[in-house]
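Everything below belongs to query33.cif, which stores mmCIF, C-alpha atoms.
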data_upload
loop_
_atom_site.label_atom_id
_atom_site.label_comp_id
_atom_site.auth_asym_id
_atom_site.auth_seq_id
_atom_site.Cartn_x
_atom_site.Cartn_y
_atom_site.Cartn_z
CA MET A 1 63.36 143.78 118.26
CA ASN A 2 67.09 144.23 118.59
CA ASP A 3 67.88 146.32 121.65
CA ARG A 4 71.57 145.59 121.76
CA HIS A 5 72.34 148.24 124.33
CA PRO A 6 69.37 148.61 126.66
CA ASP A 7 69.27 151.52 129.04
CA ARG A 8 70.25 150.52 132.54
CA PRO A 9 67.28 150.96 134.89
CA ALA A 10 67.50 153.42 137.75
CA ALA A 11 68.68 152.11 141.12
CA PRO A 12 65.18 151.56 142.62
CA ARG A 13 64.11 149.65 139.51
CA ARG A 14 67.28 147.59 139.60
CA GLY A 15 66.45 146.61 143.18
CA LEU A 16 62.99 145.59 142.03
CA ALA A 17 64.50 143.70 139.10
CA LEU A 18 66.73 141.73 141.48
CA LEU A 19 63.72 140.91 143.67
CA THR A 20 61.85 139.70 140.58
CA LEU A 21 64.72 137.46 139.47
CA CYS A 22 65.17 136.07 142.98
CA LEU A 23 61.46 135.28 143.24
CA ALA A 24 61.63 133.24 140.05
CA VAL A 25 64.67 131.27 141.20
CA LEU A 26 63.20 130.70 144.64
CA VAL A 27 59.87 129.50 143.24
CA ALA A 28 61.51 127.03 140.84
CA GLN A 29 63.82 125.57 143.49
CA VAL A 30 61.23 125.37 146.28
CA ASP A 31 58.82 123.67 143.90
CA MET A 32 61.42 120.97 143.21
CA ALA A 33 62.16 120.49 146.92
CA VAL A 34 58.60 120.19 148.20
CA VAL A 35 57.39 117.80 145.50
CA ASN A 36 59.80 115.13 146.76
CA LEU A 37 57.98 115.14 150.10
CA GLY A 38 54.56 114.89 148.47
CA THR A 39 55.05 111.63 146.59
CA ARG A 40 53.59 109.41 149.33
CA PRO A 41 50.27 111.29 149.81
CA ILE A 42 50.02 111.75 146.02
CA GLY A 43 50.45 107.99 145.57
CA GLU A 44 47.81 107.25 148.21
CA HIS A 45 45.36 109.75 146.67
CA PHE A 46 45.64 108.41 143.12
CA ARG A 47 46.54 104.83 144.10
CA ALA A 48 49.59 105.24 141.89
CA GLY A 49 52.56 102.92 141.69
CA VAL A 50 56.24 103.74 142.11
CA THR A 51 56.83 104.28 138.38
CA ALA A 52 54.10 106.92 138.10
CA LEU A 53 55.34 108.66 141.24
CA GLN A 54 58.90 108.65 139.90
CA TRP A 55 57.66 110.52 136.84
CA VAL A 56 55.87 113.08 139.02
CA VAL A 57 59.37 114.08 140.17
CA ASP A 58 61.36 113.34 137.03
CA GLY A 59 58.91 114.67 134.44
CA TYR A 60 60.04 118.14 135.52
CA ASN A 61 63.73 117.24 135.30
CA LEU A 62 63.42 115.63 131.88
CA ALA A 63 61.50 118.54 130.32
CA TYR A 64 63.92 121.00 131.88
CA ALA A 65 66.93 119.15 130.47
CA VAL A 66 65.49 118.76 126.96
CA LEU A 67 64.44 122.40 126.58
CA LEU A 68 67.22 124.23 128.41
CA LEU A 69 69.32 125.11 125.37
CA THR A 70 66.22 126.32 123.54
CA GLY A 71 65.31 128.64 126.41
CA GLY A 72 68.67 130.41 126.33
CA LEU A 73 68.62 130.96 122.57
CA LEU A 74 65.04 132.23 122.61
CA ALA A 75 66.05 134.81 125.23
CA ASP A 76 68.84 136.12 122.98
CA LEU A 77 66.67 136.08 119.85
CA TYR A 78 63.33 137.43 121.03
CA GLY A 79 64.04 139.31 124.24
CA ARG A 80 65.24 138.30 127.69
CA ARG A 81 62.37 139.95 129.54
CA ARG A 82 59.82 138.51 127.13
CA ILE A 83 61.11 134.96 127.54
CA PHE A 84 61.43 135.43 131.31
CA MET A 85 57.78 136.50 131.47
CA LEU A 86 56.74 133.64 129.20
CA GLY A 87 58.57 131.21 131.50
CA ALA A 88 56.88 132.70 134.58
CA ALA A 89 53.47 132.48 132.89
CA VAL A 90 54.03 128.86 131.84
CA PHE A 91 55.26 127.97 135.32
CA THR A 92 52.22 129.63 136.92
CA GLY A 93 49.82 127.79 134.60
CA ALA A 94 51.62 124.51 135.27
CA THR A 95 51.29 125.04 139.03
CA VAL A 96 47.52 125.53 138.67
CA LEU A 97 47.32 122.39 136.51
CA CYS A 98 49.23 120.36 139.12
CA ALA A 99 47.03 121.60 141.97
CA ALA A 100 43.86 120.76 140.00
CA ALA A 101 45.07 117.38 138.67
CA THR A 102 42.40 114.67 138.59
CA SER A 103 44.79 111.84 137.70
CA VAL A 104 48.42 111.08 138.34
CA TRP A 105 49.27 111.41 134.63
CA MET A 106 47.63 114.83 134.51
CA LEU A 107 49.93 115.72 137.39
CA VAL A 108 52.93 114.38 135.45
CA ALA A 109 51.91 116.55 132.47
CA GLY A 110 51.73 119.57 134.76
CA ARG A 111 55.19 118.81 136.14
CA ALA A 112 56.60 118.55 132.60
CA LEU A 113 55.01 121.90 131.75
CA ALA A 114 56.64 123.37 134.87
CA GLY A 115 59.98 122.05 133.57
CA LEU A 116 59.37 123.97 130.33
CA GLY A 117 58.69 127.12 132.34
CA ALA A 118 61.91 126.67 134.31
CA ALA A 119 63.89 126.07 131.10
CA LEU A 120 62.72 129.51 129.91
CA LEU A 121 63.10 131.25 133.28
CA MET A 122 66.56 130.21 134.44
CA PRO A 123 68.74 131.11 131.41
CA ALA A 124 66.78 134.33 130.90
CA SER A 125 67.33 135.36 134.53
CA LEU A 126 71.11 134.95 134.21
CA ALA A 127 71.10 136.81 130.89
CA ILE A 128 69.17 139.70 132.45
CA VAL A 129 71.76 139.93 135.23
CA ARG A 130 74.52 140.11 132.61
CA VAL A 131 72.77 142.90 130.70
CA VAL A 132 71.47 145.02 133.60
CA TRP A 133 74.51 144.82 135.89
CA GLN A 134 77.37 145.48 133.50
CA ASP A 135 80.03 146.23 136.11
CA ALA A 136 81.75 142.93 136.97
CA ARG A 137 82.09 143.63 140.70
CA GLU A 138 78.48 144.70 141.07
CA ARG A 139 77.33 141.73 138.99
CA GLY A 140 79.25 139.43 141.31
CA ARG A 141 77.39 140.83 144.32
CA VAL A 142 74.03 140.42 142.57
CA LEU A 143 74.78 136.84 141.53
CA GLY A 144 75.79 136.07 145.10
CA ILE A 145 72.28 137.12 146.19
CA TRP A 146 70.79 135.17 143.25
CA ALA A 147 72.74 132.09 144.35
CA ALA A 148 71.61 132.51 147.96
CA CYS A 149 68.04 131.91 146.79
CA ASN A 150 69.04 128.35 145.89
CA GLY A 151 70.25 127.80 149.44
CA LEU A 152 67.16 129.46 150.86
CA ALA A 153 65.03 127.06 148.82
CA MET A 154 66.94 124.13 150.33
CA ALA A 155 66.45 125.52 153.83
CA ILE A 156 62.72 126.17 153.61
CA GLY A 157 61.67 123.53 151.06
CA ALA A 158 61.52 120.44 153.27
CA PRO A 159 59.97 122.07 156.39
CA LEU A 160 57.51 124.06 154.27
CA GLY A 161 56.48 120.96 152.34
CA GLY A 162 55.88 119.01 155.54
CA VAL A 163 53.69 121.76 157.04
CA LEU A 164 51.68 122.29 153.85
CA ILE A 165 51.01 118.58 153.37
CA HIS A 166 49.98 118.19 157.00
CA ARG A 167 47.63 121.21 156.99
CA PHE A 168 46.29 121.34 153.42
CA GLY A 169 47.10 118.04 151.73
CA TRP A 170 49.40 117.49 148.76
CA ARG A 171 47.67 120.12 146.58
CA GLY A 172 48.84 122.78 149.02
CA ILE A 173 52.48 122.36 147.97
CA PHE A 174 51.60 123.61 144.49
CA LEU A 175 49.17 126.37 145.52
CA ALA A 176 51.75 127.79 147.97
CA VAL A 177 54.17 128.83 145.22
CA LEU A 178 51.45 130.35 143.02
CA PRO A 179 51.48 133.87 144.58
CA PHE A 180 55.26 134.10 144.17
CA SER A 181 55.30 133.02 140.53
CA LEU A 182 52.49 135.48 139.81
CA ALA A 183 54.47 138.23 141.56
CA ALA A 184 57.53 137.49 139.41
CA LEU A 185 55.37 137.67 136.28
CA LEU A 186 53.70 140.96 137.25
CA LEU A 187 56.89 142.67 138.44
CA ALA A 188 58.95 141.77 135.38
CA ARG A 189 57.54 144.36 132.97
CA PRO A 190 57.98 147.47 135.14
CA SER A 191 61.36 146.46 136.57
CA ILE A 192 63.34 144.65 133.84
CA PRO A 193 64.49 146.42 130.65
CA GLU A 194 64.01 144.51 127.41
CA SER A 195 67.05 143.43 125.40
CA SER A 196 67.86 141.03 122.59
CA ASP A 197 70.54 140.50 119.96
CA PRO A 198 69.86 137.97 117.18
CA ARG A 199 73.01 138.87 115.16
CA GLY A 200 72.07 136.59 112.29
CA ARG A 201 71.34 133.61 114.54
CA SER A 202 68.30 131.36 114.12
CA LEU A 203 66.52 128.58 115.96
CA ASP A 204 68.81 125.95 114.33
CA ALA A 205 66.29 123.07 114.30
CA GLY A 206 68.84 120.28 113.73
CA ALA A 207 70.95 121.33 116.69
CA GLN A 208 67.83 121.82 118.82
CA LEU A 209 66.78 118.23 118.17
CA ALA A 210 70.25 116.76 118.67
CA GLY A 211 70.98 118.81 121.80
CA GLY A 212 67.58 118.13 123.32
CA LEU A 213 67.92 114.42 122.58
CA ALA A 214 71.39 114.32 124.15
CA LEU A 215 70.30 116.07 127.35
CA GLY A 216 66.99 114.25 127.54
CA ALA A 217 68.55 110.82 127.01
CA LEU A 218 71.18 111.61 129.67
CA ALA A 219 68.46 112.56 132.17
CA PHE A 220 66.43 109.48 131.21
CA ALA A 221 69.48 107.26 131.72
CA ALA A 222 69.87 108.61 135.25
CA ILE A 223 66.16 108.18 135.98
CA GLU A 224 66.18 104.53 134.88
CA SER A 225 69.65 103.60 136.16
CA HIS A 226 68.38 101.92 139.34
CA GLU A 227 65.25 100.21 138.06
CA ALA A 228 66.26 99.31 134.46
CA PRO A 229 70.05 99.37 133.98
CA ARG A 230 69.90 97.98 130.44
CA VAL A 231 67.47 100.68 129.39
CA ALA A 232 69.74 103.23 131.07
CA ILE A 233 72.78 101.98 129.13
CA ALA A 234 70.85 102.20 125.85
CA ALA A 235 69.72 105.74 126.72
CA LEU A 236 73.30 106.71 127.54
CA ALA A 237 74.44 105.40 124.14
CA VAL A 238 71.74 107.50 122.48
CA ALA A 239 72.90 110.53 124.48
CA LEU A 240 76.51 110.08 123.34
CA ALA A 241 75.52 109.62 119.67
CA ALA A 242 73.26 112.69 119.81
CA PHE A 243 76.02 114.72 121.42
CA VAL A 244 78.48 113.80 118.64
CA LEU A 245 75.86 114.80 116.05
CA PHE A 246 75.21 118.05 117.91
CA VAL A 247 78.92 118.98 117.87
CA ARG A 248 79.17 118.24 114.13
CA ILE A 249 76.11 120.40 113.35
CA GLU A 250 77.35 123.29 115.47
CA GLY A 251 80.86 123.08 114.05
CA ARG A 252 79.46 123.64 110.55
CA ARG A 253 77.29 126.61 111.58
CA GLY A 254 80.05 128.56 113.30
CA ALA A 255 79.00 131.85 114.92
CA THR A 256 75.32 131.36 113.97
CA ALA A 257 75.06 128.08 115.88
CA LEU A 258 72.67 127.36 118.73
CA VAL A 259 75.79 126.90 120.86
CA PRO A 260 78.73 128.64 119.14
CA LEU A 261 81.63 126.29 119.88
CA ASP A 262 84.07 129.20 120.10
CA LEU A 263 82.61 129.92 123.54
CA PHE A 264 84.53 126.90 124.79
CA GLY A 265 87.72 128.53 123.58
CA LEU A 266 87.29 131.12 126.35
CA PRO A 267 89.30 129.80 129.33
CA ALA A 268 87.11 131.46 132.01
CA PHE A 269 83.92 130.10 130.46
CA ARG A 270 85.34 126.60 130.03
CA ALA A 271 86.65 126.58 133.61
CA ALA A 272 83.25 127.67 134.94
CA MET A 273 81.57 124.80 133.07
CA ILE A 274 84.04 122.24 134.46
CA ALA A 275 83.81 123.50 138.05
CA THR A 276 80.00 123.76 137.96
CA ALA A 277 79.58 120.21 136.69
CA GLY A 278 81.96 118.96 139.39
CA MET A 279 80.18 120.97 142.09
CA THR A 280 76.71 119.58 141.35
CA PHE A 281 78.08 116.05 140.76
CA GLY A 282 79.15 115.76 144.39
CA MET A 283 76.47 117.94 146.00
CA TYR A 284 73.44 116.27 144.46
CA GLY A 285 74.94 112.84 145.05
CA LEU A 286 75.41 113.81 148.71
CA LEU A 287 71.87 115.19 149.06
CA PHE A 288 70.46 112.04 147.43
CA LEU A 289 72.42 109.43 149.41
CA LEU A 290 72.87 110.86 152.90
CA PRO A 291 69.15 111.18 153.84
CA LEU A 292 68.56 107.77 152.25
CA HIS A 293 71.33 106.24 154.38
CA TRP A 294 70.07 107.94 157.55
CA GLN A 295 66.60 106.52 157.04
CA GLN A 296 67.74 103.03 156.02
CA ALA A 297 70.11 102.84 159.00
CA GLY A 298 67.35 103.96 161.36
CA LEU A 299 69.31 107.04 162.46
CA LEU A 300 66.65 109.58 161.40
CA ASP A 301 63.15 109.52 159.94
CA ALA A 302 62.24 111.51 156.84
CA THR A 303 61.22 114.66 158.73
CA ARG A 304 64.34 114.73 160.91
CA ALA A 305 66.54 113.99 157.90
CA GLY A 306 65.09 117.08 156.19
CA LEU A 307 65.72 119.17 159.30
CA ALA A 308 69.31 117.88 159.52
CA LEU A 309 70.01 119.39 156.09
CA ILE A 310 68.93 122.89 157.14
CA PRO A 311 72.27 124.01 158.71
CA MET A 312 74.05 123.31 155.41
CA ALA A 313 71.47 125.35 153.51
CA LEU A 314 71.66 128.23 156.00
CA LEU A 315 75.46 128.42 155.63
CA PHE A 316 74.96 128.49 151.86
CA VAL A 317 72.48 131.36 152.23
CA ALA A 318 74.63 133.27 154.73
CA LEU A 319 77.82 133.20 152.66
CA SER A 320 76.48 133.60 149.11
CA PRO A 321 75.70 137.35 149.28
CA PHE A 322 79.34 138.02 150.29
CA SER A 323 80.92 135.87 147.59
CA GLY A 324 81.21 138.85 145.23
CA ARG A 325 83.11 140.81 147.88
CA ILE A 326 85.43 137.84 148.46
CA VAL A 327 86.03 137.57 144.71
CA ALA A 328 87.00 141.26 144.63
CA GLN A 329 89.71 140.49 147.19
CA LEU A 330 90.97 137.09 146.02
CA GLY A 331 89.87 136.71 142.41
CA ALA A 332 87.14 134.59 140.80
CA ARG A 333 89.49 131.74 139.91
CA ALA A 334 90.69 131.26 143.49
CA VAL A 335 87.26 131.58 145.11
CA SER A 336 85.29 129.35 142.75
CA CYS A 337 87.91 126.57 142.63
CA ALA A 338 88.42 126.75 146.40
CA GLY A 339 84.66 126.47 146.90
CA VAL A 340 84.47 123.25 144.88
CA ALA A 341 87.50 121.89 146.77
CA VAL A 342 85.85 122.73 150.12
CA ILE A 343 82.77 120.72 149.07
CA ALA A 344 85.11 117.81 148.30
CA GLY A 345 86.43 118.14 151.85
CA GLY A 346 82.86 117.95 153.12
CA LEU A 347 82.26 114.70 151.24
CA LEU A 348 85.47 113.30 152.77
CA LEU A 349 84.18 114.10 156.27
CA VAL A 350 80.89 112.34 155.49
CA ALA A 351 82.88 109.32 154.28
CA LEU A 352 84.95 109.29 157.47
CA GLY A 353 81.81 109.43 159.61
CA ALA A 354 80.00 106.59 157.76
CA GLY A 355 79.19 103.84 160.22
CA HIS A 356 79.18 106.08 163.31
CA ALA A 357 76.09 106.07 165.47
CA SER A 358 76.27 109.86 165.69
CA ILE A 359 75.56 112.14 162.73
CA ALA A 360 78.15 114.69 163.95
CA TRP A 361 80.66 113.80 161.22
CA ALA A 362 77.97 114.06 158.57
CA GLU A 363 76.80 117.43 159.90
CA ALA A 364 80.38 118.73 159.83
CA GLY A 365 80.68 117.52 156.24
CA LEU A 366 77.39 119.17 155.32
CA ALA A 367 78.61 122.42 156.91
CA LEU A 368 81.70 122.36 154.70
CA ALA A 369 79.54 121.58 151.68
CA GLY A 370 77.29 124.56 152.46
CA LEU A 371 80.30 126.85 152.81
CA GLY A 372 81.71 125.59 149.52
CA MET A 373 78.43 126.12 147.71
CA GLY A 374 78.19 129.63 149.15
CA LEU A 375 81.71 130.42 147.94
CA ALA A 376 81.45 128.87 144.48
CA THR A 377 77.91 129.18 143.11
CA GLY A 378 77.66 132.95 142.55
CA PRO A 379 81.23 133.36 141.21
CA LEU A 380 80.77 130.44 138.79
CA MET A 381 77.58 131.96 137.39
CA ALA A 382 79.33 135.33 137.15
CA GLU A 383 82.34 133.80 135.36
CA ALA A 384 80.12 132.06 132.83
CA VAL A 385 77.95 135.02 131.84
CA GLY A 386 80.75 137.57 132.26
CA ALA A 387 83.14 135.72 129.95
CA VAL A 388 80.90 136.24 126.89
CA ASP A 389 79.46 139.23 125.09
CA ALA A 390 76.12 140.47 126.40
CA ALA A 391 74.65 139.39 123.05
CA ARG A 392 75.30 135.77 123.98
CA SER A 393 74.27 136.02 127.63
CA GLY A 394 71.16 133.87 127.17
CA THR A 395 73.22 131.12 125.56
CA ALA A 396 75.81 131.34 128.34
CA GLY A 397 73.03 131.19 130.93
CA SER A 398 71.58 128.06 129.36
CA LEU A 399 74.99 126.37 129.07
CA ILE A 400 75.98 126.93 132.70
CA ASN A 401 72.61 125.46 133.66
CA VAL A 402 73.34 122.53 131.34
CA ALA A 403 76.55 121.99 133.32
CA ARG A 404 74.57 122.10 136.56
CA ILE A 405 71.93 119.59 135.47
CA ALA A 406 74.43 117.30 133.72
CA GLY A 407 76.64 117.21 136.81
CA ALA A 408 73.66 116.57 139.08
CA THR A 409 72.18 113.90 136.81
CA ILE A 410 75.43 112.00 136.40
CA GLY A 411 76.33 112.47 140.07
CA VAL A 412 73.10 110.96 141.39
CA ALA A 413 73.35 108.04 138.95
CA ALA A 414 77.09 107.36 139.38
CA LEU A 415 77.31 107.80 143.15
CA GLY A 416 74.09 105.85 143.56
CA ALA A 417 75.71 103.04 141.56
CA PHE A 418 78.82 103.15 143.78
CA TYR A 419 76.56 103.00 146.84
CA ALA A 420 74.73 99.94 145.49
CA MET A 421 77.88 98.15 144.28
CA ALA A 422 79.43 98.44 147.75
CA GLY A 423 76.34 96.84 149.28
CA GLY A 424 74.70 100.01 150.59
CA GLY A 425 74.85 100.92 154.26
CA ALA A 426 77.92 102.54 155.76
CA ALA A 427 80.29 100.87 153.29
CA GLY A 428 78.23 102.06 150.34
CA LEU A 429 78.05 105.62 151.65
CA ARG A 430 81.79 105.67 152.30
CA CYS A 431 82.58 104.40 148.79
CA ALA A 432 80.22 106.86 147.10
CA MET A 433 81.44 109.87 149.06
CA LEU A 434 85.11 109.06 148.39
CA ALA A 435 84.35 108.78 144.68
CA GLY A 436 82.41 112.06 144.74
CA ALA A 437 85.21 113.85 146.60
CA ALA A 438 87.76 112.59 144.07
CA VAL A 439 85.70 113.85 141.12
CA GLN A 440 85.14 117.23 142.75
CA ALA A 441 88.81 117.67 143.62
CA GLY A 442 89.73 116.72 140.06
CA CYS A 443 87.26 119.24 138.60
CA ALA A 444 88.54 121.98 140.92
CA ALA A 445 92.14 121.29 139.84
CA SER A 446 91.15 121.14 136.16
CA ALA A 447 89.23 124.43 136.39
CA TRP A 448 92.19 126.06 138.16
CA ARG A 449 94.55 125.03 135.33
CA THR A 450 92.08 125.97 132.62
CA ALA A 451 91.46 129.48 133.96
CA ARG A 452 95.10 130.33 134.69
CA PRO A 453 96.32 133.59 133.12
CA ARG A 454 97.99 133.11 129.75
#
Take the structure in the file and give it back as structure tokens.
Amino acid sequence: MNDRHPDRPAAPRRGLALLTLCLAVLVAQVDMAVVNLGTRPIGEHFRAGVTALQWVVDGYNLAYAVLLLTGGLLADLYGRRRIFMLGAAVFTGATVLCAAATSVWMLVAGRALAGLGAALLMPASLAIVRVVWQDARERGRVLGIWAACNGLAMAIGAPLGGVLIHRFGWRGIFLAVLPFSLAALLLARPSIPESSDPRGRSLDAGAQLAGGLALGALAFAAIESHEAPRVAIAALAVALAAFVLFVRIEGRRGATALVPLDLFGLPAFRAAMIATAGMTFGMYGLLFLLPLHWQQAGLLDATRAGLALIPMALLFVALSPFSGRIVAQLGARAVSCAGVAVIAGGLLLVALGAGHASIAWAEAGLALAGLGMGLATGPLMAEAVGAVDAARSGTAGSLINVARIAGATIGVAALGAFYAMAGGGAAGLRCAMLAGAAVQAGCAASAWRTARPR
């Protein structure tokens, strides 16, 4: 199969295609959000320790990180719709396995399988957007809606998880997403045109192993950074060595590589990678530390901490659909870099409010962070997939997701370390947020310079 120039579907089918893609993104993100709330009842049901429960959450993240590059290449080689449907089917099966788990390690296996499904779904969904919506302005609008689904998942994930656990037990959090993943699977064939473009490329086994090892070891280092720092340092060393090997392998393969290195010679693509990594570095560090600080300081319990995050998510959802229109007026470079800088401003406000009895400063910072995410997320995805040929859209989709997960993984680990080194509490939060704001501002400035017209 080599449909290099697929027919664009008619307008009604394109609307259905967008709904299908949004369902997949929403399902994957909500699933991640609600599982965090289910760890306590899962632990009580299986009498599981902290380590096992940590892997219930992180088994998904690790599998996703290891297989992300593979998912993007498979979409380009064998068909974006086919791999999207395969990802939806795997995710659906994994959800059933999780809901039916009879042991905690069976649940961990189901979560890892869900990570595989997401690694196939996410790059394929971005590649499909690149192929179906070929006009840059229209693609920007579509990716704004696609990005809004991430914010919607943040907004509904915590409250939905709490209700489901209260009414149906922990198995309900998995069964609730099943109808939506099935809908995405069933709607894909009639709404999404098939496309692929191998162009002499292959699965590139050596690069697959090296790239997967680099991403997996990086994720593992973040997972173990708090409980086993020496293990984390060793894993980080493995990640760096694997990354060097990966670059050497890809440099020799040239245009047929798993990740053709000439993509990074494209200023817009390189800038999108830098800004995306910076964006998730600060955001995920914020979302990890702020609820933790609220609960440890006795300001809010877990339920109220989840509710306090909703205004940020709603601002993200409200602004994202209009980001394409804003880009049309101001340009992608200005909007995406400004969005990352606005998030940095939000982290600064949280730092200034650390130690206050009121959460007003933190809420103002979260509002800025939500606005920044709404401004930046869609344009950054559009820049990444729009900077490359449609033939490489799956690879571009996987790489921008690599930037997202790498930034998030390093951000949680690094800002968590700053928090701990400063003794936790208000001082720890202030130190971590200042560090996160500095990194984000630096990434925004670097992306601005990188993407400047030549």
**Q.** Result set, the PyMOL selection byres ((chain A and resi 198-215) around 8) on current file, as a PyMOL selection string
**A.** chain A and resi 2+65-70+73-74+76-78+196-197+216-219+238-243+245-246+249-250+255-258+391+406
Q: Pull out every residue that the PyMOL selection byres ((chain A and resi 342-349) around 6) matches in the shown coordinates and put them as a PyMOL selection string.
A: chain A and resi 339-341+350-352+365+368-369+372+433+437+440-441
Q. Out of A:Val35, A:Ala328, A:Ala364, A:Ala297, which residue has the shortest atom-to-atom distance to Ala136 (chain A) when counting only C-alpha atoms?
A. A:Ala328
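For the pair CA of Leu434 (chain A) and CA of Phe281 (chain A), the separation is 12.5 Å.
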Q) For the file shown, what are the residues hit by the PyMOL selection byres ((chain A and resi 171) around 10), laid out as a VMD selection string? A) chain A and resid 38 41 to 42 95 to 96 98 to 101 164 to 165 168 to 170 172 to 176
Could you save those same residues with C-alpha atoms as a short mmCIF file (atom, residue, chain, number, x, y, z; two decimals), in the coordinates of the input?
data_model
loop_
_atom_site.label_atom_id
_atom_site.label_comp_id
_atom_site.auth_asym_id
_atom_site.auth_seq_id
_atom_site.Cartn_x
_atom_site.Cartn_y
_atom_site.Cartn_z
CA GLY A 38 54.56 114.89 148.47
CA PRO A 41 50.27 111.29 149.81
CA ILE A 42 50.02 111.75 146.02
CA THR A 95 51.29 125.04 139.03
CA VAL A 96 47.52 125.53 138.67
CA CYS A 98 49.23 120.36 139.12
CA ALA A 99 47.03 121.60 141.97
CA ALA A 100 43.86 120.76 140.00
CA ALA A 101 45.07 117.38 138.67
CA LEU A 164 51.68 122.29 153.85
CA ILE A 165 51.01 118.58 153.37
CA PHE A 168 46.29 121.34 153.42
CA GLY A 169 47.10 118.04 151.73
CA TRP A 170 49.40 117.49 148.76
CA GLY A 172 48.84 122.78 149.02
CA ILE A 173 52.48 122.36 147.97
CA PHE A 174 51.60 123.61 144.49
CA LEU A 175 49.17 126.37 145.52
CA ALA A 176 51.75 127.79 147.97
#
Q.
Just to confirm, what's the straight-line distance from CA of Ala188 (chain A) to CA of Leu21 (chain A) in Å (one decimal)?
A. 8.3 Å
Q: Give me the residues within 8 Å of region 120-124 of chain A as a VMD selection string, counting only C-alpha atoms and dropping any in the same chain fewer than 5 places off.
A: chain A and resid 24 to 25 68 70 to 72 75 80 to 81 83 to 88 394 to 398 401
Writer output for current selection, C-alpha atoms, as an mmCIF file, keeping the file's coordinate frame:
data_model
loop_
_atom_site.group_PDB
_atom_site.id
_atom_site.type_symbol
_atom_site.label_atom_id
_atom_site.label_comp_id
_atom_site.auth_asym_id
_atom_site.auth_seq_id
_atom_site.Cartn_x
_atom_site.Cartn_y
_atom_site.Cartn_z
ATOM 1 C CA ALA A 24 61.630 133.240 140.050
ATOM 2 C CA VAL A 25 64.670 131.270 141.200
ATOM 3 C CA LEU A 68 67.220 124.230 128.410
ATOM 4 C CA THR A 70 66.220 126.320 123.540
ATOM 5 C CA GLY A 71 65.310 128.640 126.410
ATOM 6 C CA GLY A 72 68.670 130.410 126.330
ATOM 7 C CA ALA A 75 66.050 134.810 125.230
ATOM 8 C CA ARG A 80 65.240 138.300 127.690
ATOM 9 C CA ARG A 81 62.370 139.950 129.540
ATOM 10 C CA ILE A 83 61.110 134.960 127.540
ATOM 11 C CA PHE A 84 61.430 135.430 131.310
ATOM 12 C CA MET A 85 57.780 136.500 131.470
ATOM 13 C CA LEU A 86 56.740 133.640 129.200
ATOM 14 C CA GLY A 87 58.570 131.210 131.500
ATOM 15 C CA ALA A 88 56.880 132.700 134.580
ATOM 16 C CA GLY A 394 71.160 133.870 127.170
ATOM 17 C CA THR A 395 73.220 131.120 125.560
ATOM 18 C CA ALA A 396 75.810 131.340 128.340
ATOM 19 C CA GLY A 397 73.030 131.190 130.930
ATOM 20 C CA SER A 398 71.580 128.060 129.360
ATOM 21 C CA ASN A 401 72.610 125.460 133.660
#
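The gap separating CA of Ile192 (chain A) from CA of Leu319 (chain A) is 26.4 Å, in Å to one decimal.
Distance annotation: of A:Tyr64, A:Trp448, A:Trp55, A:Phe91, the residue with the minimal separation from Gly117 (chain A) is A:Phe91; atom set is all atoms listed in the file.
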Q: Determine the nearest neighbour of His45 (chain A) from the options A:Leu287, A:Val104, A:Cys337, A:Val57, counting all atoms listed in the file.
A: A:Val104
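Comparing the minimum interatomic distances between Arg13 (chain A) and each of A:Pro193, A:Arg248, A:Met273, A:Leu299, counting only C-alpha atoms, we find that A:Pro193 sits nearest.
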Enumerate, as a PDB file with C-alpha atoms, in the coordinates of the input, the protein, DNA and RNA residues whose atoms approach (73.1, 118.0, 158.1) to within 10 Å, taking into account only C-alpha atoms and the coordinate frame of the file.
ATOM      1  CA  LEU A 287      71.870 115.190 149.060  1.00  0.00           C
ATOM      2  CA  LEU A 290      72.870 110.860 152.900  1.00  0.00           C
ATOM      3  CA  PRO A 291      69.150 111.180 153.840  1.00  0.00           C
ATOM      4  CA  ARG A 304      64.340 114.730 160.910  1.00  0.00           C
ATOM      5  CA  ALA A 305      66.540 113.990 157.900  1.00  0.00           C
ATOM      6  CA  GLY A 306      65.090 117.080 156.190  1.00  0.00           C
ATOM      7  CA  LEU A 307      65.720 119.170 159.300  1.00  0.00           C
ATOM      8  CA  ALA A 308      69.310 117.880 159.520  1.00  0.00           C
ATOM      9  CA  LEU A 309      70.010 119.390 156.090  1.00  0.00           C
ATOM     10  CA  ILE A 310      68.930 122.890 157.140  1.00  0.00           C
ATOM     11  CA  PRO A 311      72.270 124.010 158.710  1.00  0.00           C
ATOM     12  CA  MET A 312      74.050 123.310 155.410  1.00  0.00           C
ATOM     13  CA  ALA A 313      71.470 125.350 153.510  1.00  0.00           C
ATOM     14  CA  VAL A 350      80.890 112.340 155.490  1.00  0.00           C
ATOM     15  CA  ILE A 359      75.560 112.140 162.730  1.00  0.00           C
ATOM     16  CA  ALA A 360      78.150 114.690 163.950  1.00  0.00           C
ATOM     17  CA  TRP A 361      80.660 113.800 161.220  1.00  0.00           C
ATOM     18  CA  ALA A 362      77.970 114.060 158.570  1.00  0.00           C
ATOM     19  CA  GLU A 363      76.800 117.430 159.900  1.00  0.00           C
ATOM     20  CA  ALA A 364      80.380 118.730 159.830  1.00  0.00           C
ATOM     21  CA  GLY A 365      80.680 117.520 156.240  1.00  0.00           C
ATOM     22  CA  LEU A 366      77.390 119.170 155.320  1.00  0.00           C
ATOM     23  CA  ALA A 367      78.610 122.420 156.910  1.00  0.00           C
ATOM     24  CA  ALA A 369      79.540 121.580 151.680  1.00  0.00           C
ATOM     25  CA  GLY A 370      77.290 124.560 152.460  1.00  0.00           C
TER      26      GLY A 370
END
